[in-house]
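Report on one structure; see the data block that follows.
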Amino acid sequence: IMTFTLYMGLFGQLSNSTFPMSTGEECDDMRSQIQKIVAEMEVPPHCRTAFSTREEEQLQAQGSSDYFLTSGDKIRFFFEKGVLDEKGNFLIPKEKSVSKIGHALHAYDPVFKQITHSPKVQVSCYLTPHQDATFLHTEPLGRILGFWIALEDATQENGCLWFIPGSHTNGITRRMVRAASGASTCVEFVGSEPAYDEKQFIPLPISKGGLILIHGEVVHKSELNSSESSRHAFTFHVMEAKGTTWSKENWLQPTPELPFPSLYT
C-alpha cells in the first residue's frame, strides 16, 4: 500500500514523531529518478486530474475517473489544482505540475523498491502501530502505519505538514469507499468530517532525510506552497498482515498482477 508523492504544497499527512530515515544521497537519488520519470510521462489529456483530499474535489476529479481507481498496480500521475486548462493541457511546465505519483512506484521502480524494503523501514515498523482508516480501512482497526520521508527540507514556507496534537484519540467520522456499480462516481464518502479549529494545528517542519510516522486518526493538513522551492517527499503505508482483513470497500485493492508485497521478503 505504497505511493510516491511529489509534495509541492497541496497534500499532506501527519504524525507526532520524526527521526533520520534516508541519507542525503538516497534523497537525491529518488529526486533524480522522479525527474526522469516525469520527463517521460505520458498521460492522455482526459485522464489528467487534480489530486485532492477534500470530499467535493475528490468526487469531481479522481472520484469519477477509472484512471485513479485502477492505479493500485500502475504508475500514474496526478496534478496540482490550477495547472490544467479545460481540455487537460498544461498551463505550466509539466515538471512543476505534478502533485502525486502513485500507487505502484514501490513495485516497479528499482530505486523506490530498494528504499521501501530497506532494513530501516523494517525496523521502523516496530515503533508504533497506526491506522489510516478514512482511506485505508482494516478489520480490526489500527493495522496501518504510514511513512513520510522528506527528500528536501519541509518548512512552513514551502508547505510542511500540520497536525492537531491528541486528535488521534477521537476516532474517525467518515470513510472513502468504492461506490456501487452504476453510480455517477467511482468512490463516495460515508459519514461526515467535523469542522476543526484552525488555531489547534501545529506545524511539523522536517529536515531532508527525516521520517514522519503517520497516525491514521491524526487530524492533518498542509498549506499551499508559498515559496519558490519545491517540497518533495516519498510516502507509503504498511499493513500488519497477520489477523488483518483489508476492506473490500477500500478504493485501493490488490490485483492478480500486483498483490500487496511482503515487507520482509
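Ordering of the C-alpha cells sets the chain letters (A, B, ...); residue numbers start at 1 within each chain; ligands are numbered from 1 in the order shown.
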
Spatial neighbours of A:Thr70, 10 Å, only C-alpha atoms, chain gap at least 5 places, as a count of residues only: 8

List as a PyMOL selection string the protein and nucleic acid residues near stretch 131-142 of chain A, meaning an atom at most 6 Å away when only C-alpha atoms are counted, but skip any in the same chain fewer than 5 places from it. chain A and resi 175-176+215-216+244-247

Pick out the closest residue to A:Tyr108 from this set: A:Glu240, A:Glu80, A:Glu26, A:Glu257. Count only C-alpha atoms. A:Glu257

Just want the 6 Å neighbourhood of stretch 187-190 of chain A, counted on only C-alpha atoms, with same-chain residues fewer than 3 positions away dropped. Output as a PDB file with N, CA and C atoms, in the first residue's frame.
ATOM      1  N   GLY A  63     -12.673  10.835  -8.130  1.00  0.00           N
ATOM      2  CA  GLY A  63     -13.853  10.029  -7.843  1.00  0.00           C
ATOM      3  C   GLY A  63     -14.626   9.613  -9.072  1.00  0.00           C
ATOM      4  N   ARG A 174     -15.666   9.459   9.052  1.00  0.00           N
ATOM      5  CA  ARG A 174     -16.055   9.186   7.667  1.00  0.00           C
ATOM      6  C   ARG A 174     -15.052   8.234   7.021  1.00  0.00           C
ATOM      7  N   ARG A 175     -15.498   7.610   5.931  1.00  0.00           N
ATOM      8  CA  ARG A 175     -14.649   6.735   5.131  1.00  0.00           C
ATOM      9  C   ARG A 175     -14.886   7.015   3.659  1.00  0.00           C
ATOM     10  N   MET A 176     -13.828   6.837   2.862  1.00  0.00           N
ATOM     11  CA  MET A 176     -13.987   6.870   1.421  1.00  0.00           C
ATOM     12  C   MET A 176     -14.036   5.437   0.927  1.00  0.00           C
ATOM     13  N   VAL A 177     -15.124   5.075   0.231  1.00  0.00           N
ATOM     14  CA  VAL A 177     -15.330   3.696  -0.205  1.00  0.00           C
ATOM     15  C   VAL A 177     -15.653   3.667  -1.691  1.00  0.00           C
ATOM     16  N   ARG A 178     -15.524   2.511  -2.277  1.00  0.00           N
ATOM     17  CA  ARG A 178     -15.930   2.329  -3.666  1.00  0.00           C
ATOM     18  C   ARG A 178     -17.437   2.479  -3.779  1.00  0.00           C
ATOM     19  N   ALA A 179     -17.877   3.217  -4.789  1.00  0.00           N
ATOM     20  CA  ALA A 179     -19.312   3.408  -4.995  1.00  0.00           C
ATOM     21  C   ALA A 179     -19.919   2.166  -5.627  1.00  0.00           C
TER      22      ALA A 179
END

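You will find atom CA of A:Lys113 at 13.6 Å from atom CA of A:Cys27.
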
Give me the residues near A:Gly166 as a PyMOL selection string, where near means some atom within 9 Å (using only C-alpha atoms) and where sequence neighbours in that chain fewer than 4 positions away do not count. chain A and resi 170+218-219

Write to file, as an mmCIF file, in the first residue's frame, the residues of the selection just made, with C-alpha atoms.
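The resulting file, selection_22.cif, is reproduced below:
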data_model
loop_
_atom_site.group_PDB
_atom_site.id
_atom_site.type_symbol
_atom_site.label_atom_id
_atom_site.label_comp_id
_atom_site.auth_asym_id
_atom_site.auth_seq_id
_atom_site.Cartn_x
_atom_site.Cartn_y
_atom_site.Cartn_z
ATOM 1 C CA ASN A 170 -11.018 10.809 18.783
ATOM 2 C CA VAL A 218 -4.493 12.400 13.421
ATOM 3 C CA VAL A 219 -6.284 15.474 12.034
#

With DSSP run on the backbone, what are the strand (DSSP E or B) residues within stretch 50-223 of chain A? I'd like them as a PyMOL selection string. chain A and resi 50+75-79+84+90+98-103+132+136+138-139+144-150+154+161-163+174-178+187-191+202-204+206+210-214+220-222

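Taking atom CA of A:Ile75 and atom CA of A:Glu157 as endpoints, the distance between them is 29.3 Å.
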
Top pick for closest residue to A:Lys96, considering A:Arg231, A:His237, A:Lys74, A:His220 and counting only C-alpha atoms: A:Arg231

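Here atom CA of A:Arg31 and atom CA of A:Ile92 stand 19.7 Å from one another.
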
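Considering the residues A:Ile101, A:Val111, A:Ala233, A:Leu213 and counting only C-alpha atoms, A:Ala154 has its shortest atom-to-atom contact with A:Ala233.
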
Ranking A:Asp66, A:Glu95, A:Asp153, A:Glu217 by minimum distance to A:Phe79 and counting only C-alpha atoms, which one comes first? A:Glu95
